Structure formats: structure tokens, C-alpha cells
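The structure appears below as C-alpha cells.
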There are 2 protein chains.
Amino acid sequence: MRATIDFLLHDWLQAEALTARPRFADHSRETWGQVLDTCERIAREKYAPFNRLVDTEEPRVVSDSDGEKVILPQATHEAWKALADSGLLAAAQDYELGGMQLPYTVESAAHAFLSKASVSIVAGMLTSGNANLLMAHGTPAQQRAFATREFSGEWAGTMCLSEPQAGSSLSDIATRAEPDGEDFEGDPLGPRYRLRGNKMWISAGEHELTGNIVHLVLAKIPGPDGKLVPGTRGISLFIVPKRLVDAEGQFTGERNDVALAGLNHKCGWRGTPNTLLNFGEGKFTPGGRAGAIGYRVGAPGQGLAGMFHMMNEARIAIGLAATMLGMAGYEASLAYARERPQGRPMGPAGKDPASPQVPIIQHADVRRMLLAQKSYSEGALALLLYCARLVDEQHTGDAAAAAEARLLLEVLTPVAKSWPSEFGLEANSLAIQIHGGYGYTRDYPVEQYWRDNRLNMIHEGSHGIQALDLLGRKVVMNGGAGLKAVAARMQRTIDAALPVPAGPLPELHEYASALASALSKVGAATQSAWATGVPEEALANAVPYLQAFGHTVLAWTWLDVALAAQRLLAEHRGPEAEALARGKLAACRYFFHYELPRIDAWLAVVASRDDTCRTMQDDWF
Amino acid sequence: MRATIDFLLHDWLQAEALTARPRFADHSRETWGQVLDTCERIAREKYAPFNRLVDTEEPRVVSDSDGEKVILPQATHEAWKALADSGLLAAAQDYELGGMQLPYTVESAAHAFLSKASVSIVAGMLTSGNANLLMAHGTPAQQRAFATREFSGEWAGTMCLSEPQAGSSLSDIATRAEPDGEDFEGDPLGPRYRLRGNKMWISAGEHELTGNIVHLVLAKIPGPDGKLVPGTRGISLFIVPKRLVDAEGQFTGERNDVALAGLNHKCGWRGTPNTLLNFGEGKFTPGGRAGAIGYRVGAPGQGLAGMFHMMNEARIAIGLAATMLGMAGYEASLAYARERPQGRPMGPAGKDPASPQVPIIQHADVRRMLLAQKSYSEGALALLLYCARLVDEQHTGDAAAAAEARLLLEVLTPVAKSWPSEFGLEANSLAIQIHGGYGYTRDYPVEQYWRDNRLNMIHEGSHGIQALDLLGRKVVMNGGAGLKAVAARMQRTIDAALPVPAGPLPELHEYASALASALSKVGAATQSAWATGVPEEALANAVPYLQAFGHTVLAWTWLDVALAAQRLLAEHRGPEAEALARGKLAACRYFFHYELPRIDAWLAVVASRDDTCRTMQDDWF
């Protein structure tokens, strides 16, 4: 994978151009290479060897005088320590904060190695995402007291959104936050509240990896009548540390009123504890009374906007996790296919049973399953690095470039989260299939990748939520400005690929036409979906729309990557570079021949506003 | 599901017409109903409550003076006893054998309830399939000694084909069978051999549910030079009991030289032990010396033909198991969707957050996921009952009908095995998705259904093997006679649906046209694939062909079922019948709108003999 990442970063994304910007002036391709080397080494030494261990040694609860705590394997402690010591949690931060001012593009590439080695040991992205949110929305005191300790790895972070009765529907959260005393506004750490409620599905909600855990919690501040405001406008955001700090931000160690109510026993992704937390039920009594102490971040009622800052990062991180699970299965099944002898090629006279068996990679159908995995996982990786590059543009580009990047990210984020979740899972299923019966046993890693990956279509906004976000909001906002921005980028790729090239894959211009046609179908379907202006009609087939849109985005990604591969070939950099480039061109070809044609079936129901599902009656099921 | 089974058996397949045949003369719709009642009750009482138990209490090995044995939960013992006591293992057999002379159609429907309740507790189909093979190919003495004791449930059976180095490639099996003494031909139980070799992936290969286990084993008889003949021609079939019987078939209890070498630890389907067995390694010494005693069934070198008799039954059974896992997930997620409140409908003025949340079944996307599951699982069930009905035709129809049924089954079996395996799994994934995070926990049953179902694309001939069987053999044999027979059946349905009906779903005639078009595309793609006559080119895209063929078969099935639903509606049998019929019509509509259009993408690569995968080079991956 390293060669692919280097190719994508440098030959395709021209990431080195970022070093011309003041923020990244100290960096070079070499320093980035060292960061990637470090992550590869940590992944190889501290993550990969323990991936099966964390699946079998599930988190478990023990009780002691301090309450319930979650015990994790020793390997997870050591992985966390290695991650913190590497400085990667703070890598993107300013030098003053102990950061490296690393571009997000390179940080994402570095994280990819960890996710591939063991997706469920990695909980670091939650912690740095949490701290990043505080850097964007918190006060300097909040940043000093909490964020800096998260960036150093001394403390960890969570995000607490869902409740047992409110998963996708955040407007229904019932956790209450009431002012803590009359002087609640005067706390140097921010307006102080007492929180009471239950939070469900909290990843890394309780563990002993760090000396403290910083929960970022959504809750509602009751109105004068004591009632909670319905809907999302009533939601505010709070910092609720597991253990308290004093007014100067010094750690006191006193337990806040946050109690572990239970662990969820999952199908996979078992290295990360997933918890149900009770806030303010009186298990602990900070300052002498029940109620979890929380410091408000930002204005009342603005909690969701702040949290979405974190959620968008989290969504890209989930997309990367799903992608890397797909990549892990691809690499495992490729190695297996090269070694496992089974069957013989079919000659004109049938098979010669007296000849030795051949490695299964020689069978066309095994190559099909490998190419599918390659096109899914490498294609998704390319898209995610592209999105990361846009994040850098948003933060360090000029005003126009930043605005365009923001627009592009709005539209691409639902795809970057959902597409790898769906097709990374499909890749993992193919990896099992290549292994045959062995792949279905726990002696091989692929069944775990597949189980781990099944989570990704669910958390951080389910497939259905991403689809509503895309078709209901992102492609129609500002008169379709986001969709037009994506279309303009695609058109640039189409224009570059349209002329019949002299290169090794003359059909790139055919793919350019195919992409242009796909883009025009997506545009037409978007319009048809909204032709009546009735949301129920437009959105009834939002998921097939998401799938078609995603496949079109990936086809564009592959065509653009193929153009870079063609340039690489022309440079004659030696046999390894040539094999890499030919592999990318073949994956592009696979995608255009086998995958892109699938969009027609998805778009047909969108464009006709098919009402089969919408009008189905309960008692007919 | 019972109402659907009754509808399919009687309103659609007109199964009662079978009672006009002498073999089934004692039967009636009522007696069949009692058989189904019994199975429903056993499934409800003895299987379903223990499905999670057999997942967590995996089979384990203990050693005692008698060697290694596999311990299963008590619930599995009781389930086996209930199954044996019900007489279902022998249900299809003659009265003289203790059977009920039940049509295979009804037997399959009865088994469906057990598979749905706990697919991995059910190992009965292997035992009756084993005994059925002996009824077809064994001698009367073999049938008496072994098959009758399997039909009664006193003993159980296995099929031993694969070896560690020979999974899909049976021609490479290395188990040797050598004549046992000079008088080996004279044994009343059949020519007696000593077997030596290792058999892998043997389901129910070792357990204590029954007093004995009858292994049916493929092995090669060495030639005069002591060497094994390469290829499948050298394969013979043997009965190798775990414990021996004497020449009169009386049970002696002496251990044969068959030893448990290990259990496979699977991702799912854990209620059935899956074993590695060593034959003839000397762990036991029957008759004073090493070597597993086996009695040849049929002529030397004819073993595979005999085994295929069992394998075709097993493939239909696997298809039914996959279907029932899909159905179990459908029922679980339907119940969940009716109860779980979350979110609100989108009105013209957006959502009203002050209104109560609605059950998620009211969301169009949840209905889409339910309709997809319904169309997959009920459609596959219909296809499998149709195939079962053909088996009855083959056994009890007149010569012409039997010949046609045989031809149809040749072509439909790969679909009946593979299609439910692929789309039943997809259904289970949708069932998880409907449950959200809860579906990913082990507190709900759906994640287990999904894990259990992943096996079905692998065992009893992988997807790739089914695809080669279909495109490489079944649709081209006898000048395409099988394909023509299936096409003729489809044409009959098309002709019935083409006239614009006055019924409640006037678009059935559109679906008839769509099916006709799909059928013609499949025919054209079949021809294009073979246009050059080069197997490597024709078969490179055999799996996409299998998928397209399967979807076309299912579209036909749904259209035919919809015609029956329309007739049912016209009979005005009351609100329940009407809801059932409308549900079938909606599922048909879903299938034609959302699913059948997918075949174009699959067939495109078949028809163009796309060589992307075939020509992909190893070092490009």
C-alpha cells in the first residue's frame, strides 16, 4: 500500500505543492516520508499483531472502590502509548501546541496504516477530533485545560450524541443541562451546568488507557417552564470530563457524576469499548451533590453546529476506516491467492488432471474478485486523500480556493463516508470468498475484517441519513452550487481524458465519455427527483441515489488517477513504477466496465420517483 | 411465513394435484397441514429458543478412553430427538421403510421452518441425503444396514469429499482405498476396502447425537502400479461407518479407524460441528490392523456420479437454508420496524419536532429495505418449492414430464443454490441496517443470521463453481436443451401475463414484456459468450452471468407468483388473503422496478467477453 500512497500523494495530488505555503514551509516529501515510515512501523509492531487478540479478548467490566471500569488488553495500552509518543494525535496542530503543522492530507495517509493494521485498536481519531472541535469552538481556557491534554495523549476524548431512544433522530435527545448555581456563568472554564441523562453507543466511553476522558456531550437546557425545547434548536454542547479539574484547569482527580451503565457486545470492532453512560444519576457526587458537571461550549442552542464540525471529520475518518478494512482484506486475499494451489486452467482440450495445480490467482474469477477489491479499496483511498487535500485547501488556500473546497466537501462527505462503508464491506466479502472455507474460519483474518466493517454503514450517520443529507440538502443547497462545483471538477478530468491518447490505455477517452454520460444522468435524476418539489417523493429513493452518485464519483476518481498513471508510465521510472501504473489502469478499466454501468438501475427509480416503497402498506408485509 | 407457504403450495403450485398419483393417494391438504404444524411446533419449541445458545456454546473436543469426541449443547440433542421422533427424516420414503411417502415439495416446506428457527442445529438434511444416496446407489444389504438406521434417526450421516489440498478441485483428492484382503469382493455389505487419507470441512463429522455416524467418502483405488489415477475418473464412493457392523449388518460397536483431527472454528453456523477427519491413520485398529474399513458403493470410478446425486439435493437444501436465514432476518427486522419509534415524516413544511416519533416502518427507506428482503426471501422460497415440485415430477410424473423436470432441474439447481446464498446474505445485511446500532449487537438475532449465511456462498460448491456449472455446462448441454426448457416455462408465464388485465396491478403486462426482454438478453449473452468457442473467453465472466441468470429466474418466479396473487384477489377470500396477495404483488413490483434492471450491467461483460480480469497480470495487483 505504501507505493500506492506515495503515488497518490505525489504523482496524483501533487501534495508537495503545499510546502510552498507558509504553514507547511518546514516540510518536504522527505519529512512526510518519515512520518509515514513511523506510522507504518507502529502499525506493524503495535497494532497488526494484536488485531485478533482484541477481537477475542473483548472489553470487560470490573468493579472496584472507584466504580465500574473497563479492562482492555495490555496490547491496547501499548498501542495507545506508541501513538501518543509518536506525536500523531497533535500532528496537524500548530508548533506552539506541540504539533507538527502537518497537512491533513499527510495525517490521513499516516492514519491509514493504523486503521489497516487494527481498526478497533485505533481510537485516536476520536480524541484528536474532540480536541479539534475545542480548538474551533472552545475558549482558550477550555483549550488549555482539555484539548492540549488530548493532543498529547495524556487524556482521551469521546463524542456523546445518541441516546437509547434517539439514535438517528438527535432532535429527540432528553439529556438535560441545568445551570449549576447562580454564579454558573462565572466559571473560568465556561458556563457551568449539571447534566442528567443517558448516552448510548459511546465509543471509548470508559477505559483505563488515559488518566482522564473528556466527553463532549449534547444536551438540552430547559426553558423557563422547565421543559425541553423540541427539535434540534434546543441542543447545546458541553465538556463533561470523567474526572474534574479546578477553576485554573489543574487536574483534581475528583470523579464527576458519569457512570458506566454497560457495554454493548458487538458483532465486530471489539477492540474499542462501546458504552452506555449515565450522566448525573448520583453515582458520584462532585462538589457534594449529584449531577454531572459540564462546561458549555459556544452559545446555548448552537451545540449541533459545533458537533457537526467534529462529525464531518469523524465521517471522513469512518470512510477511511472502512477503506482500510477493505484494503486489509484485499492484501490478505491477494497473498492467499498467490500461494494457494487449486484447480487448473481450461485449455482447448479441457483440463489436464495430471498437470500440477496452479495458484488460484491464475483463475479469471479470482482475478475478478481481486480487481473488484482493488478498485474499491484503492479507489476509496484516493477519494479520501482527495477530500483530505480539500480540507487543507479549506484551511490554507486563498479565499476563493477555500470556498470552493468547502463546497466540494459538503457534497463529497456523505459519499466519502458511505461509499467505502458499503463497498469496503463488499470487498471483505470477496476476500472471504477467495479464501474458500478457510476464509470462514477464525484462523484467517478476513472474516474479522468483514465483521468489523459491518459497523461502518451504521455509525456516524447511517446510510439512510447520508443519503438524505446528499439528496435532501447537499446537492440542492445554494441553487445546486455544490453539485455544480463537483461537476466542474469532473468536467476538468473529462476534458483531460477525452483526446485519444497515444498512451497504453487508449480507451481512457471512452471512459471520459462514459463519465460525462453518467454525470449528465445524475444531474437529470436529481432534477427529476425534485421535479414536483415534494420531499417525500424526492427522497423516497435517496439511498439508490447515494449509490449511483457514489459510483459516479468513484469513476471520476479512477479516471483522474488513471491519467496520473499514464503520466507515470510515460516517465519510464522502472519496472516497479510500470507495474504500479498498469495496475491502476487495470483497476480503472475494471471500474468502468463492471461497476459504472450499475448506476442505470439505481437512477431509474430516482428519476421516476418510484413510489413502490413509499406506498407499501404495513399489513401487506 | 406459514400463510405464504400455504399460498405457494396450494394457490400457486397446485400441490394438491399430486394426491391424484398413486404414491400420494393417502395424502390430502389436511395431512400435509398436520406435517407443517408439527414442524412449526418443533421449530418453535426445540430450535428457535436455542439458536443463540449454539452460537455461543461452540462445539468442543474432549478426550476419553474412546478417543476424541465432540460435545454439543443439550439443546442440540433434544432438537435431534424431536426431529427423529417426528419421522421427518424418513418422510419421503416408502411406507415399508417407515416413511410417509410425502412429496418432496411438502417435505421441503416442512424443513423450511426448522432452518428458519436455527440453521446450524439442523443437520438432518445431511443424514437423509446420505440415506437417499444409498437408496439410489447402494445394495439392499447396504440400505438395510445403514440407510434405514439413518431414516429412523438412530444414526446420522455425513458426506466426505474435500481434503485440505482439494476443495473445489475434487480431481485432486488423495485418499486411497485398497482392497481389504483377497476376499474383499465377498463381503455381504459390498466390496471391502481400507481407506487412508484426510478429509476436511466435514459437517457433523463427529458428535454424540447418535449411536453411530455413516460417512460417505470419496477415495481413489490405486492402479496396479500403486498410483492414483489423476482426475475425477479414478474416484470411487465408500460407506465408512464410525463404528462397525458385522457381515449381517448387526451393530458390533467396534471403532473403525476414523479419528477426529480437529474442529474448524467458524465465523458462524456454529451449532454444526465442522471437522477434519483422519481415515486410516492407525488411531484405531479394526480387525486388528490400521486402516478405515469402507464398503464400496457402485462401480469403481463411479463415485462422483453417485455423490452428485446427494450433492444436488444438498445444493437445494443449502439454497433453502440461505433463504430461511434471509426470511428469519426479514421477520425480525419487520417486527423491529413496527415497534421502534424514531424520526418523523417529512411534511410540506418540514418536520414537526413537537409531534411524537413514528415507528420506523413509516419511513420509505425502511420500507425499501423490508421490500428488498421480502422479495429476496419469499422469491427464493418460491423458487425452491418450484424446484422441489420438479423433483416430485421427476420421481412420479409420466416419462415426458419426468424428463422435462430433470432438464429444468439441471439448469435451475445452480441458481437455486447460489442466488439465495448471495441475496439471502444481502437481506440479512439489510435486517441489521434496519436495527441500526442494536442490529450490530449480540442482543438481537440479526447479526448471527448474517454471519451464519456467509457460509452458503462457499460450501457445497462455491459461487464460482456454480457459475462454471451453469455457463460451462448446463446451458450448453444437449444443444442448449436445458436453457430452452427453462425459456419455454418462462414464455408460458409471459403469455399468461401479457394481456392487459383488469386486476389490481395492470402493470403485470409490462413486467411480462420486461421478462421477455431479459430472457432474450440472457439468450444473446449466452451465445456471445460462446461465440468464439474458447472456454477461457466464455467463462471469464461466469459469475456475472450467474447473477444475471439468477435475477431473470427470480423475476420470472415473481411474475408467476403475482399471477397467482391476482387470482387470489379475485376470489375475495377476506382481508387476510387480500393483504397477502397485495404484499406479493408489491414484492413483484419491487423486483421488476429495483432488481431486474441490474442484469444489464452483469450481462454487458458477458456478452463482450470482457477480458479485463482474464488478462490482468499478477504483478499489476
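In the C-alpha cells, the first chain shown is A, the next is B, and so on; residue numbers restart at 1 for each chain, and ligands run from 1 in the order shown.
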
Shell around segment 318-332 of chain B at 6 Å using only C-alpha atoms, local window under 3 positions removed, as a list of chain:residue names: B:Ser115, B:Lys116, B:Arg315, B:Ala335, B:Gln373, B:Ser377, B:Ala416, B:Lys417, B:Pro420, B:Ser421, B:Gly424, B:Ala427, B:Asn428, B:Ala431, B:Val446, B:Tyr449, B:Asn453

Within 6 Å of chain B, which residues of chain A are there when counting only C-alpha atoms? Please give them as a list of chain:residue names. A:Ser169, A:Pro230, A:Gly231, A:His265, A:Lys266, A:Cys267, A:Gly343, A:Pro353, A:Ala354, A:Ala364, A:Arg367, A:Arg368, A:Gly436, A:Tyr440, A:Thr441, A:Arg442, A:Ile458, A:Ala540, A:Ala579, A:Leu580, A:Arg582, A:Gly583, A:Pro597, A:Arg598, A:Ala601, A:Cys613, A:Arg614, A:Trp620, A:Phe621

Let me make sure I understand: among A:Leu470, A:Ala314, A:Met100, A:Val119, which one has the smallest atom-to-atom distance to Ala48 of chain A if we use only C-alpha atoms? A:Val119

Record the distance separating atom CA of Phe591 of chain A and atom CA of Ala518 of chain A, expressed in Å with one decimal. 13.0 Å

Which one is closest to Val476 of chain A: A:Thr210, A:Ser517, A:Thr493, A:Gln527? Count only C-alpha atoms. A:Gln527

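If you look at atom CA of Gly550 of chain A and atom CA of Gly550 of chain B, they are 25.7 Å away from each other.
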
Residue with the minimum atom-to-atom distance to His509 of chain A, picked from A:Gln142, A:His309, A:Tyr545, A:Asp560 with only C-alpha atoms counted, is A:Asp560

For each of A:Thr139, A:Ser63, A:Thr38, A:Ser162, take the minimum atom-to-atom distance to Phe113 of chain A, counting only C-alpha atoms, then give the residue where this is smallest. A:Thr38

Write down as a ChimeraX atom specification the residues of segment 239-360 of chain B whose backbone DSSP state falls under alpha helix (DSSP H). /B:303-339

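Among the candidates B:Gln34, B:Thr275, B:Thr158, B:Asn456, the one nearest to Phe238 of chain B when counting only C-alpha atoms is B:Thr158.
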
For the strand (DSSP E or B) assignment from backbone DSSP, which residues of segment 156-388 of chain A qualify? Please present them as a ChimeraX atom specification. /A:156-160,163,166,176-179,192-203,213-220,235-241,243-245,251-255,258-263,266,274-279,292-297,341,347,350,359

Could you pull the residues within 7 Å of segment 76-83 of chain B, counting only C-alpha atoms, minus those fewer than 4 positions along the same chain, as a ChimeraX atom specification? /B:42,46-47,72,87-88,121,209

Please produce a file of the residues just selected, as a tab-separated table (two decimals), in the first residue's frame, where the atoms kept are N, CA, C and O atoms.
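For reference, selection_5.tsv as written:
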chain	number	residue	atom	x	y	z
B	42	ILE	N	-42.11	-27.99	16.44
B	42	ILE	CA	-40.75	-28.40	16.82
B	42	ILE	C	-39.80	-27.21	16.67
B	42	ILE	O	-38.95	-26.96	17.53
B	46	LYS	N	-38.13	-26.38	20.00
B	46	LYS	CA	-36.84	-27.06	20.16
B	46	LYS	C	-35.69	-26.41	19.42
B	46	LYS	O	-34.54	-26.77	19.66
B	47	TYR	N	-35.98	-25.52	18.49
B	47	TYR	CA	-34.90	-24.93	17.70
B	47	TYR	C	-34.70	-23.44	18.00
B	47	TYR	O	-33.65	-23.02	18.46
B	72	LEU	N	-21.70	-31.27	22.22
B	72	LEU	CA	-22.67	-30.26	21.77
B	72	LEU	C	-23.61	-29.94	22.92
B	72	LEU	O	-23.77	-30.74	23.85
B	87	GLY	N	-40.46	-38.33	12.63
B	87	GLY	CA	-40.47	-39.13	11.42
B	87	GLY	C	-40.08	-38.36	10.18
B	87	GLY	O	-40.11	-38.87	9.06
B	88	LEU	N	-39.65	-37.13	10.34
B	88	LEU	CA	-39.40	-36.29	9.18
B	88	LEU	C	-38.18	-36.74	8.37
B	88	LEU	O	-38.12	-36.53	7.16
B	121	ILE	N	-28.48	-25.81	14.01
B	121	ILE	CA	-28.88	-27.02	14.76
B	121	ILE	C	-29.30	-28.10	13.76
B	121	ILE	O	-29.08	-29.28	13.98
B	209	LEU	N	-24.68	-37.21	19.07
B	209	LEU	CA	-26.14	-37.16	18.97
B	209	LEU	C	-26.73	-38.53	18.72
B	209	LEU	O	-27.86	-38.81	19.11
